[in-house]
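What follows is a short report on a single structure.
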Number of protein chains: 2
Amino acid sequence: MHIESEPTRQLQRAATAARDAARLLARTPAAGRDAGLRAMAAAVRARAPEILAANAADLAASAASAAFRDRLALNPARLEAIAAGLEAVAGLPDPLARDLGRWTRPNGLAISRIPAPIGVIGMIYESRPNVGADAAAICLKSGNAVILRGGSDSVRSATALNAAITDGLRSAGLPEAAVQIAPGTDRAYVAAMLGAVGMIDLIIPRGGKSLVERVQREARVPVLAHAEGLCHTYVHADADPDMARKVLANAKMRRTGICAATETLLIDRTIAPSLLPLLVADLRALDCTFRADPAARTIVPDLPAATADDFNTEWHDAILSIAVVDGVETALTHIAQHGSGHTDAIITNDPTAARQFLQGIDSAVALWNASTQFCDGGEFGFGAEIGIATGRLHARGPVGPDQLTTYRYIVEGTGQVRP
Amino acid sequence: MHIESEPTRQLQRAATAARDAARLLARTPAAGRDAGLRAMAAAVRARAPEILAANAADLAASAASAAFRDRLALNPARLEAIAAGLEAVAGLPDPLARDLGRWTRPNGLAISRIPAPIGVIGMIYESRPNVGADAAAICLKSGNAVILRGGSDSVRSATALNAAITDGLRSAGLPEAAVQIAPGTDRAYVAAMLGAVGMIDLIIPRGGKSLVERVQREARVPVLAHAEGLCHTYVHADADPDMARKVLANAKMRRTGICAATETLLIDRTIAPSLLPLLVADLRALDCTFRADPAARTIVPDLPAATADDFNTEWHDAILSIAVVDGVETALTHIAQHGSGHTDAIITNDPTAARQFLQGIDSAVALWNASTQFCDGGEFGFGAEIGIATGRLHARGPVGPDQLTTYRYIVEGTGQVRP
C-alpha cells in the first residue's frame, strides 16, 4: 500500500481547490479580477497592524544575515508599496483581452486564437513577503490561481498577508482558493509541489541560484525560471566615447546584484587604447574592480589578470571582466561561448554594426546604445513582473501578466466536416 | 572518475554540432532555408532507389504487426509525398518574419519583439520514416537544428533518408549538422537525449502513449507533447438535427485513431428522445459501438451500459461513450471532469449557448458547429504540423513551424541609462 505523506495530501487538497478557483477566474471578467486586486489592497491596509506585528515576530525569530533580514522586513512604507502595487496591477490592461489573431479558412471555418490563463501556478520563493504579494497580484490579474510557498523565516508574515488577500478575494466575490499559502514550513511540501503533475501547471521559482537549480533539477511540473544572467556590454569601434562611459557605468554599477547587470565588457581593439583607460577610471571611482585579458592589460597595465573561468562568472558584484575583441563577429563569438542568453548590449554609432550585432545575437534581450539594466518588466512597460525567464520555451525575458497566459483556439463553423 | 557512456558521448558530439548549425540557421535568410528544403526534396527523389532498398531491408528484418509495418513501409508514391512535403514547407511563409509587436517607451527606448528559433530540437518517434522527414522540414523551416531518433525497426530507412537530407543541406550550403540522426538503435541514446539539459532545448515525442509517457516521465529537457485526446461533441437542445448527425458521424468515424476523434457524445435531455436514436443508427451503420449512461439507455434500450471509467477512456476505436446532460453548464462540468483539454465541440443554432460553451471551456480547441477532427495543423492553415500539443505551456493545439519558434527582444536606444 502506497502511503502518501501529509504534505502531499495537503498539496493535493490545495491544488484541487486551486483548480476549481482557476476555472472560476478564467470566466471572471476583467472588472471582477481588478475589483479583487483593489479589495486586496484595501484589506492589506486595514490589516496593516497585524501584518507588521507578524513580520516583527518573524524578524525576532530569524537568525539570518542582515541582508536577508532586510529583504524579510516590512514597515509601513513597504506595506503601503505592496498595497499600491496591487492597485497598479489592477490598472493594467487585461491580459486575457489581447487579440492573438483571427483568420478564416477556405472552407469557411473562422478560427481565432485567444489568450487563456495557464491555470494553477506554484510560486516558490525566499523569505520576501513582497514577492508573494506581487505574485498573487500578477496571477490574479491573468486569471490564474496560485499556491505560494515562501521561505521558512517569513511564515508569520506570509500568513498575515494571506489573511488580508483572502479578505479581499472574499469581499470581491472571488474564490478564496485563488491565492493560497503553503501550510507551515515543511520542505516536503515543496517536493510535493514540484511533483504535482496535472495539479500544478507551472512552477515559478524566484530566489538564489541554489533554490532555482533545485527546482529545475527536481521539478516534474514545467518550470519558468531565471537561471543565470551573464550579460555583456560591447563597446564597438564606432562608439560615442561619452555615451559608452555613461552607459557602461550604469550597466555595471547601478545595481550590481541584479541579473541584468553587465558582468563583462567587450571592447574593440581600435578604440580600446583611447577609451578603455577612461572606462576603467570611471568604474574605479565607483569602487569597481576588474579581471582583464592580456590585451586589455597591455593598455591599462595595473588591471588584474583574468583567469579562464572569469569570463564564465556572473559576479553579482562590483567586478567587471574585460576582453578586447576585433569587431562584431568576435564579440558575438565571445558572447555565444560565455554568455547566458540573457541580455547583451552594443554601444556604437554605426547602424550597420548595430544591425549585425542585434541580428546575430541569440539573447532574450539585445540592446543598442542602452544599459543592460533595462531588462525589466517595469522598464518594458509590462507594469509588473514576476521575474525574468532565461529558458527558451513559453516566455523569455521579463515575465509580466501577459506572459502568465497561454492561448486556445475557437473555431466557428456552419456544420463543416473534415473530408 | 565519472565514466560517460558511448551513447552519451555520441549525443554530446551531435548536440555540439547541432548547436553550431542552429546558430548558423538562425542567421540564414528564409530564401536559404527554403532552398535547403527544395534541395532536400530533389535529393530524396535522386536517392529514391537506395531509400526504397533500405526500407525493404527494414521491412524484411521487422517482425512487427501488419499495422506497424504499414507505417514503416515506403513505396514510390509515399517517397514522392515526402519530397512534395518538403517542397510544400519551403513554400510556407517564414516563421521568423512574423511581427510580434513593437512599442516605444516614454524614455525613447524602441522595443521590438521578434521571432527566434528555439535552437536544438530532439525528436523521438516510432518507426515511421515520413515523421522524421516532416520533422526535419518543419525544424529547418523555423531555423532549428534537429536530432532525430526514430524507432529501431526503421534505422536503415532513416539512415538512407538522412543521406538524402544531408545531400540537400550540403548542396544548399547549409550545415549538415542541421539534421542528424541517432547512430544505431541503442536505447541509451534516448536517455542521453532526455537528459541533455543545455544541449537540447526541446524534446518532441511523437508516437504511442507509452512512448510519450516515458519521455514525459524521464526528460529533464522541456517536452512539447501530445498526451491524450479525450474529445467531446456536445449536441445542444437547439442543435440542427441534420447537422448534428453529419458532424457527429464525421467527428467519431472519419478516422477513429487520431487524437481529435470524438470519444464522448453529450446530448441535451430535451433533444435526446428525438435525436439520439438517429445518431445511434447513423453510427451503427458505420460499425460504431457504444457505452451509454442510464438516461441514454432509457431512450435507446439496447445500448450497452457505460462503466464509471468509460467516460475517462480515449477509445481510439469505433466506440462512443454517450451521456445525457442538462444544458451547457452540465456539459462543461462533464468535460472539465472527464476531458483532456484537447478539442471539444458544441452543435447548436443558439448563439448564446454557443458563446457560453466557447467561453466556458478550457480546451486547446473549442468548436461550434464543426467536427472535432478539424484540430489539425493543415486544417488550421499551418501548412505542416509536427504534432498536437496538449500541455499548457509554450504552444497548444496544432504545432506547426510558427510554434517551433520562441521570441526575443531588440531594444534600440540613444544612450539611455536606467535611473
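Labels used: A, B, ... for chains in the order of the C-alpha cells, numbers from 1 for residues in each chain, and numbers from 1 for ligands as shown.
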
8 Å contact set for Glu176 (chain B), only C-alpha atoms, chain neighbours under 4 positions out, as a count of residues only: 5

Residues of region 121-279 of chain A classed as strand (DSSP E) by DSSP on the backbone are to be reported as a VMD selection string. chain A and resid 121 to 125 145 to 149 179 to 181 202 to 206 231 to 235 262 to 268

Let's have the selection written as a JSON list (two decimals), in the first residue's frame, with C-alpha atoms.
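Output saved as result_5.json:
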[["chain", "number", "residue", "atom", "x", "y", "z"],
["A", 121, "ILE", "CA", 0.75, 28.39, -10.68],
["A", 122, "GLY", "CA", 3.11, 27.26, -7.93],
["A", 123, "MET", "CA", 5.42, 30.01, -6.70],
["A", 124, "ILE", "CA", 8.48, 29.05, -4.66],
["A", 125, "TYR", "CA", 10.46, 31.95, -3.27],
["A", 145, "ALA", "CA", -4.79, 30.58, -9.20],
["A", 146, "VAL", "CA", -1.54, 30.48, -7.25],
["A", 147, "ILE", "CA", -0.07, 28.45, -4.41],
["A", 148, "LEU", "CA", 2.63, 30.45, -2.65],
["A", 149, "ARG", "CA", 5.48, 28.80, -0.81],
["A", 179, "VAL", "CA", -4.42, 32.58, -3.62],
["A", 180, "GLN", "CA", -3.24, 30.02, -1.08],
["A", 181, "ILE", "CA", -0.11, 29.70, 1.01],
["A", 202, "LEU", "CA", 3.66, 25.82, -13.87],
["A", 203, "ILE", "CA", 6.24, 26.30, -11.14],
["A", 204, "ILE", "CA", 7.99, 29.66, -10.85],
["A", 205, "PRO", "CA", 11.00, 29.69, -8.56],
["A", 206, "ARG", "CA", 12.32, 33.07, -7.54],
["A", 231, "CYS", "CA", 25.38, 39.98, -19.53],
["A", 232, "HIS", "CA", 27.82, 41.76, -21.84],
["A", 233, "THR", "CA", 28.27, 45.33, -22.93],
["A", 234, "TYR", "CA", 30.19, 45.50, -26.18],
["A", 235, "VAL", "CA", 31.81, 48.84, -26.97],
["A", 262, "THR", "CA", 26.75, 43.79, -17.04],
["A", 263, "GLU", "CA", 29.41, 41.30, -16.00],
["A", 264, "THR", "CA", 31.77, 41.55, -18.97],
["A", 265, "LEU", "CA", 32.98, 44.46, -21.07],
["A", 266, "LEU", "CA", 33.99, 43.64, -24.62],
["A", 267, "ILE", "CA", 35.81, 46.48, -26.36],
["A", 268, "ASP", "CA", 37.11, 46.78, -29.90]]

Could the residues of chain A within 7 Å of chain B, counting only C-alpha atoms, be given as a PyMOL selection string, please? chain A and resi 27+118+243+247+250+358+360+363-371+373-374+392-394+396+406-418

Limited to N, CA and C atoms, could you put the picked residues into a file as a short mmCIF file (atom, residue, chain, number, x, y, z; two decimals), in the first residue's frame?
data_model
loop_
_atom_site.label_atom_id
_atom_site.label_comp_id
_atom_site.auth_asym_id
_atom_site.auth_seq_id
_atom_site.Cartn_x
_atom_site.Cartn_y
_atom_site.Cartn_z
N ARG A 27 -13.28 32.57 -16.07
CA ARG A 27 -14.56 33.05 -16.57
C ARG A 27 -14.97 34.36 -15.91
N ILE A 118 -3.02 30.21 -17.62
CA ILE A 118 -2.31 28.93 -17.60
C ILE A 118 -3.06 27.95 -16.69
N MET A 243 28.98 58.40 -24.49
CA MET A 243 27.85 57.50 -24.28
C MET A 243 28.33 56.18 -23.70
N VAL A 247 26.86 54.77 -20.25
CA VAL A 247 26.04 53.54 -20.29
C VAL A 247 26.74 52.40 -19.55
N ASN A 250 26.42 52.71 -15.81
CA ASN A 250 25.08 52.35 -15.36
C ASN A 250 24.87 50.84 -15.45
N LEU A 358 22.66 42.97 -33.42
CA LEU A 358 21.29 42.68 -32.97
C LEU A 358 20.72 41.46 -33.68
N GLY A 360 22.64 39.02 -35.01
CA GLY A 360 23.49 37.85 -34.82
C GLY A 360 23.46 37.26 -33.43
N SER A 363 20.24 36.31 -27.55
CA SER A 363 19.85 36.53 -26.16
C SER A 363 18.39 36.98 -26.08
N ALA A 364 17.80 36.80 -24.91
CA ALA A 364 16.41 37.21 -24.72
C ALA A 364 16.24 38.70 -25.00
N VAL A 365 17.23 39.49 -24.61
CA VAL A 365 17.17 40.94 -24.84
C VAL A 365 18.51 41.39 -25.43
N ALA A 366 18.45 42.08 -26.57
CA ALA A 366 19.63 42.67 -27.18
C ALA A 366 19.40 44.17 -27.28
N LEU A 367 20.35 44.95 -26.78
CA LEU A 367 20.18 46.41 -26.75
C LEU A 367 21.23 47.10 -27.60
N TRP A 368 20.81 48.22 -28.15
CA TRP A 368 21.72 49.09 -28.91
C TRP A 368 21.72 50.45 -28.22
N ASN A 369 22.89 50.84 -27.76
CA ASN A 369 23.06 52.14 -27.11
C ASN A 369 22.13 52.34 -25.92
N ALA A 370 22.09 51.35 -25.06
CA ALA A 370 21.34 51.48 -23.81
C ALA A 370 21.90 50.49 -22.80
N SER A 371 21.59 50.74 -21.56
CA SER A 371 22.13 49.96 -20.44
C SER A 371 21.45 48.59 -20.36
N GLN A 373 20.77 47.11 -17.84
CA GLN A 373 19.87 47.07 -16.68
C GLN A 373 18.42 47.42 -17.05
N PHE A 374 18.17 47.75 -18.32
CA PHE A 374 16.78 47.97 -18.76
C PHE A 374 15.99 46.67 -18.94
N ARG A 392 14.09 28.97 -23.03
CA ARG A 392 13.73 29.33 -24.40
C ARG A 392 12.26 29.03 -24.71
N LEU A 393 11.59 28.32 -23.80
CA LEU A 393 10.21 27.93 -24.08
C LEU A 393 9.24 28.87 -23.38
N HIS A 394 8.09 29.05 -24.00
CA HIS A 394 6.95 29.79 -23.46
C HIS A 394 7.21 31.30 -23.36
N ARG A 396 10.35 34.47 -22.67
CA ARG A 396 11.75 34.85 -22.48
C ARG A 396 11.79 36.29 -21.99
N THR A 406 -1.59 31.45 -21.55
CA THR A 406 -1.36 30.59 -22.70
C THR A 406 -2.40 31.02 -23.74
N TYR A 407 -2.69 30.18 -24.70
CA TYR A 407 -3.73 30.55 -25.66
C TYR A 407 -4.57 29.33 -25.96
N ARG A 408 -5.71 29.59 -26.57
CA ARG A 408 -6.53 28.49 -27.06
C ARG A 408 -7.22 28.96 -28.33
N TYR A 409 -7.81 28.02 -29.05
CA TYR A 409 -8.45 28.35 -30.32
C TYR A 409 -9.96 28.20 -30.20
N ILE A 410 -10.67 29.12 -30.84
CA ILE A 410 -12.11 28.98 -31.02
C ILE A 410 -12.37 28.89 -32.52
N VAL A 411 -13.09 27.86 -32.91
CA VAL A 411 -13.36 27.62 -34.33
C VAL A 411 -14.87 27.64 -34.53
N GLU A 412 -15.33 28.55 -35.36
CA GLU A 412 -16.77 28.69 -35.59
C GLU A 412 -17.11 28.22 -36.99
N GLY A 413 -18.05 27.26 -37.06
CA GLY A 413 -18.41 26.69 -38.35
C GLY A 413 -19.90 26.77 -38.62
N THR A 414 -20.29 26.13 -39.69
CA THR A 414 -21.69 26.07 -40.08
C THR A 414 -22.04 24.63 -40.45
N GLY A 415 -21.41 23.71 -39.71
CA GLY A 415 -21.68 22.30 -39.97
C GLY A 415 -20.60 21.61 -40.78
N GLN A 416 -19.42 22.22 -40.86
CA GLN A 416 -18.34 21.60 -41.66
C GLN A 416 -17.92 20.24 -41.11
N VAL A 417 -17.62 19.34 -42.02
CA VAL A 417 -17.00 18.07 -41.64
C VAL A 417 -15.68 17.96 -42.40
N ARG A 418 -14.77 17.20 -41.81
CA ARG A 418 -13.44 17.10 -42.44
C ARG A 418 -13.46 16.03 -43.53
#

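Among the candidates A:Leu320, A:Ala73, A:Gly132, A:Ala296, the one nearest to Ala60 (chain A) when counting only C-alpha atoms is A:Ala73.
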
For the atom pair CA of Ala191 (chain B) and CA of Thr8 (chain B), what is the interatomic distance in Å to one decimal place?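 Pair CA of Ala191 (chain B) / CA of Thr8 (chain B) returns 8.4 Å.
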
Assign secondary structure with DSSP using the backbone only, and return the residues of region 196-332 of chain B in alpha helix (DSSP H) as a ChimeraX atom specification. /B:209-218,241-253,272-285,294-299,328-332

Can you spit out the residues from that selection as a short mmCIF file (atom, residue, chain, number, x, y, z; two decimals), in the first residue's frame, using N, CA and C atoms?
data_model
loop_
_atom_site.label_atom_id
_atom_site.label_comp_id
_atom_site.auth_asym_id
_atom_site.auth_seq_id
_atom_site.Cartn_x
_atom_site.Cartn_y
_atom_site.Cartn_z
N LYS B 209 1.14 6.13 -26.59
CA LYS B 209 1.04 6.65 -25.24
C LYS B 209 2.25 6.26 -24.39
N SER B 210 2.72 5.02 -24.54
CA SER B 210 3.82 4.58 -23.68
C SER B 210 5.10 5.34 -24.01
N LEU B 211 5.32 5.60 -25.31
CA LEU B 211 6.49 6.39 -25.71
C LEU B 211 6.42 7.80 -25.11
N VAL B 212 5.26 8.43 -25.29
CA VAL B 212 5.12 9.82 -24.82
C VAL B 212 5.24 9.87 -23.30
N GLU B 213 4.61 8.92 -22.63
CA GLU B 213 4.67 8.93 -21.16
C GLU B 213 6.09 8.68 -20.65
N ARG B 214 6.82 7.81 -21.33
CA ARG B 214 8.21 7.59 -20.90
C ARG B 214 9.01 8.89 -21.04
N VAL B 215 8.83 9.55 -22.17
CA VAL B 215 9.56 10.80 -22.40
C VAL B 215 9.17 11.84 -21.34
N GLN B 216 7.88 11.99 -21.10
CA GLN B 216 7.45 12.99 -20.12
C GLN B 216 7.96 12.67 -18.72
N ARG B 217 8.03 11.37 -18.42
CA ARG B 217 8.46 10.96 -17.08
C ARG B 217 9.95 11.18 -16.90
N GLU B 218 10.73 10.87 -17.92
CA GLU B 218 12.18 10.82 -17.73
C GLU B 218 12.92 12.09 -18.18
N PRO B 241 -30.83 19.04 -36.24
CA PRO B 241 -30.64 17.57 -36.20
C PRO B 241 -29.81 17.04 -37.35
N ASP B 242 -30.03 17.54 -38.54
CA ASP B 242 -29.26 17.03 -39.68
C ASP B 242 -27.77 17.37 -39.53
N MET B 243 -27.51 18.60 -39.08
CA MET B 243 -26.11 18.98 -38.87
C MET B 243 -25.47 18.11 -37.79
N ALA B 244 -26.19 17.89 -36.71
CA ALA B 244 -25.66 17.08 -35.62
C ALA B 244 -25.31 15.68 -36.13
N ARG B 245 -26.20 15.08 -36.94
CA ARG B 245 -25.96 13.73 -37.46
C ARG B 245 -24.70 13.71 -38.34
N LYS B 246 -24.61 14.69 -39.21
CA LYS B 246 -23.49 14.73 -40.16
C LYS B 246 -22.15 14.99 -39.43
N VAL B 247 -22.18 15.96 -38.51
CA VAL B 247 -20.94 16.33 -37.83
C VAL B 247 -20.49 15.24 -36.87
N LEU B 248 -21.43 14.65 -36.13
CA LEU B 248 -21.03 13.61 -35.18
C LEU B 248 -20.44 12.39 -35.91
N ALA B 249 -21.08 12.01 -37.00
CA ALA B 249 -20.56 10.85 -37.74
C ALA B 249 -19.13 11.10 -38.20
N ASN B 250 -18.86 12.32 -38.64
CA ASN B 250 -17.50 12.66 -39.06
C ASN B 250 -16.56 12.73 -37.86
N ALA B 251 -17.02 13.38 -36.79
CA ALA B 251 -16.15 13.58 -35.62
C ALA B 251 -15.75 12.25 -35.00
N LYS B 252 -16.67 11.28 -35.02
CA LYS B 252 -16.36 9.97 -34.43
C LYS B 252 -15.66 9.05 -35.42
N MET B 253 -16.18 8.99 -36.66
CA MET B 253 -15.82 7.86 -37.52
C MET B 253 -14.91 8.16 -38.70
N ALA B 272 -32.70 14.65 -26.80
CA ALA B 272 -32.25 13.26 -26.90
C ALA B 272 -33.35 12.30 -27.37
N PRO B 273 -34.58 12.39 -26.87
CA PRO B 273 -35.59 11.41 -27.30
C PRO B 273 -35.79 11.38 -28.81
N SER B 274 -35.74 12.55 -29.44
CA SER B 274 -35.95 12.55 -30.89
C SER B 274 -34.66 12.29 -31.67
N LEU B 275 -33.54 12.79 -31.17
CA LEU B 275 -32.31 12.77 -31.97
C LEU B 275 -31.39 11.58 -31.69
N LEU B 276 -31.32 11.16 -30.43
CA LEU B 276 -30.34 10.12 -30.09
C LEU B 276 -30.56 8.83 -30.91
N PRO B 277 -31.80 8.38 -31.10
CA PRO B 277 -31.96 7.17 -31.92
C PRO B 277 -31.39 7.33 -33.33
N LEU B 278 -31.54 8.51 -33.89
CA LEU B 278 -30.99 8.73 -35.24
C LEU B 278 -29.46 8.72 -35.22
N LEU B 279 -28.88 9.39 -34.23
CA LEU B 279 -27.41 9.43 -34.13
C LEU B 279 -26.86 8.02 -33.97
N VAL B 280 -27.49 7.24 -33.12
CA VAL B 280 -27.04 5.86 -32.89
C VAL B 280 -27.17 5.04 -34.16
N ALA B 281 -28.28 5.20 -34.85
CA ALA B 281 -28.48 4.43 -36.09
C ALA B 281 -27.44 4.78 -37.14
N ASP B 282 -27.17 6.10 -37.26
CA ASP B 282 -26.14 6.54 -38.22
C ASP B 282 -24.80 5.87 -37.92
N LEU B 283 -24.42 5.89 -36.65
CA LEU B 283 -23.10 5.38 -36.28
C LEU B 283 -23.06 3.86 -36.35
N ARG B 284 -24.18 3.23 -36.01
CA ARG B 284 -24.24 1.76 -36.14
C ARG B 284 -24.02 1.34 -37.59
N ALA B 285 -24.56 2.15 -38.48
CA ALA B 285 -24.38 1.83 -39.91
C ALA B 285 -22.91 1.91 -40.31
N PRO B 294 -27.34 5.67 -18.03
CA PRO B 294 -28.71 5.18 -17.87
C PRO B 294 -29.75 6.01 -18.62
N ALA B 295 -29.58 7.32 -18.63
CA ALA B 295 -30.59 8.15 -19.31
C ALA B 295 -30.61 7.86 -20.81
N ALA B 296 -29.46 7.66 -21.40
CA ALA B 296 -29.41 7.34 -22.83
C ALA B 296 -30.03 5.97 -23.09
N ARG B 297 -29.80 5.02 -22.16
CA ARG B 297 -30.34 3.67 -22.34
C ARG B 297 -31.85 3.64 -22.15
N THR B 298 -32.40 4.63 -21.46
CA THR B 298 -33.86 4.72 -21.37
C THR B 298 -34.44 5.04 -22.75
N ILE B 299 -33.68 5.85 -23.51
CA ILE B 299 -34.17 6.26 -24.83
C ILE B 299 -33.88 5.20 -25.89
N VAL B 328 -25.79 23.63 -21.11
CA VAL B 328 -24.38 23.96 -21.31
C VAL B 328 -23.56 23.76 -20.04
N GLU B 329 -24.09 24.22 -18.91
CA GLU B 329 -23.27 24.13 -17.70
C GLU B 329 -22.96 22.69 -17.31
N THR B 330 -23.94 21.82 -17.42
CA THR B 330 -23.64 20.42 -17.06
C THR B 330 -22.70 19.79 -18.09
N ALA B 331 -22.83 20.20 -19.34
CA ALA B 331 -21.89 19.71 -20.35
C ALA B 331 -20.47 20.17 -20.01
N LEU B 332 -20.33 21.44 -19.65
CA LEU B 332 -19.00 21.97 -19.30
C LEU B 332 -18.44 21.25 -18.07
#

Skip Leu303 (chain A) itself and residues of its chain fewer than 3 positions away, then list as a PyMOL selection string all residues within 9 Å of it, counting only C-alpha atoms. chain A and resi 280+289-293+296-297+300+306

Writer output for current selection, N, CA and C atoms, as a PDB file, in the first residue's frame:
ATOM      1  N   VAL A 280      37.779  52.458 -17.315  1.00  0.00           N
ATOM      2  CA  VAL A 280      38.299  51.896 -16.067  1.00  0.00           C
ATOM      3  C   VAL A 280      38.316  52.954 -14.964  1.00  0.00           C
ATOM      4  N   THR A 289      36.063  46.733  -9.344  1.00  0.00           N
ATOM      5  CA  THR A 289      37.354  46.097  -9.632  1.00  0.00           C
ATOM      6  C   THR A 289      37.246  45.295 -10.929  1.00  0.00           C
ATOM      7  N   PHE A 290      38.356  44.705 -11.369  1.00  0.00           N
ATOM      8  CA  PHE A 290      38.423  44.199 -12.743  1.00  0.00           C
ATOM      9  C   PHE A 290      39.116  42.856 -12.839  1.00  0.00           C
ATOM     10  N   ARG A 291      38.802  42.144 -13.930  1.00  0.00           N
ATOM     11  CA  ARG A 291      39.533  40.935 -14.342  1.00  0.00           C
ATOM     12  C   ARG A 291      39.729  41.107 -15.847  1.00  0.00           C
ATOM     13  N   ALA A 292      40.967  41.325 -16.286  1.00  0.00           N
ATOM     14  CA  ALA A 292      41.192  41.738 -17.669  1.00  0.00           C
ATOM     15  C   ALA A 292      42.038  40.728 -18.444  1.00  0.00           C
ATOM     16  N   ASP A 293      41.780  40.651 -19.744  1.00  0.00           N
ATOM     17  CA  ASP A 293      42.569  39.764 -20.591  1.00  0.00           C
ATOM     18  C   ASP A 293      43.902  40.443 -20.934  1.00  0.00           C
ATOM     19  N   ALA A 296      43.861  43.851 -22.816  1.00  0.00           N
ATOM     20  CA  ALA A 296      43.404  44.985 -22.002  1.00  0.00           C
ATOM     21  C   ALA A 296      44.499  45.408 -21.032  1.00  0.00           C
ATOM     22  N   ARG A 297      45.239  44.421 -20.511  1.00  0.00           N
ATOM     23  CA  ARG A 297      46.301  44.741 -19.553  1.00  0.00           C
ATOM     24  C   ARG A 297      47.497  45.422 -20.235  1.00  0.00           C
ATOM     25  N   VAL A 300      45.931  49.051 -20.042  1.00  0.00           N
ATOM     26  CA  VAL A 300      45.872  49.522 -18.647  1.00  0.00           C
ATOM     27  C   VAL A 300      46.611  48.485 -17.804  1.00  0.00           C
ATOM     28  N   ALA A 306      42.674  38.244 -15.792  1.00  0.00           N
ATOM     29  CA  ALA A 306      41.518  37.351 -15.729  1.00  0.00           C
ATOM     30  C   ALA A 306      41.978  35.910 -15.849  1.00  0.00           C
TER      31      ALA A 306
END

Measuring between only C-alpha atoms, which one of B:Asp34, B:Ala353, B:Arg69, B:Arg156 shows the shortest distance to Gly327 (chain B)?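 Closest to Gly327 (chain B) of all the choices is B:Ala353.
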
I'd like to know which of A:Asp287, A:Asp402, A:Asp326, A:Asp134 is closest to Ala84 (chain A), using only C-alpha atoms.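 Ranked by minimum distance to Ala84 (chain A), first place goes to A:Asp134.
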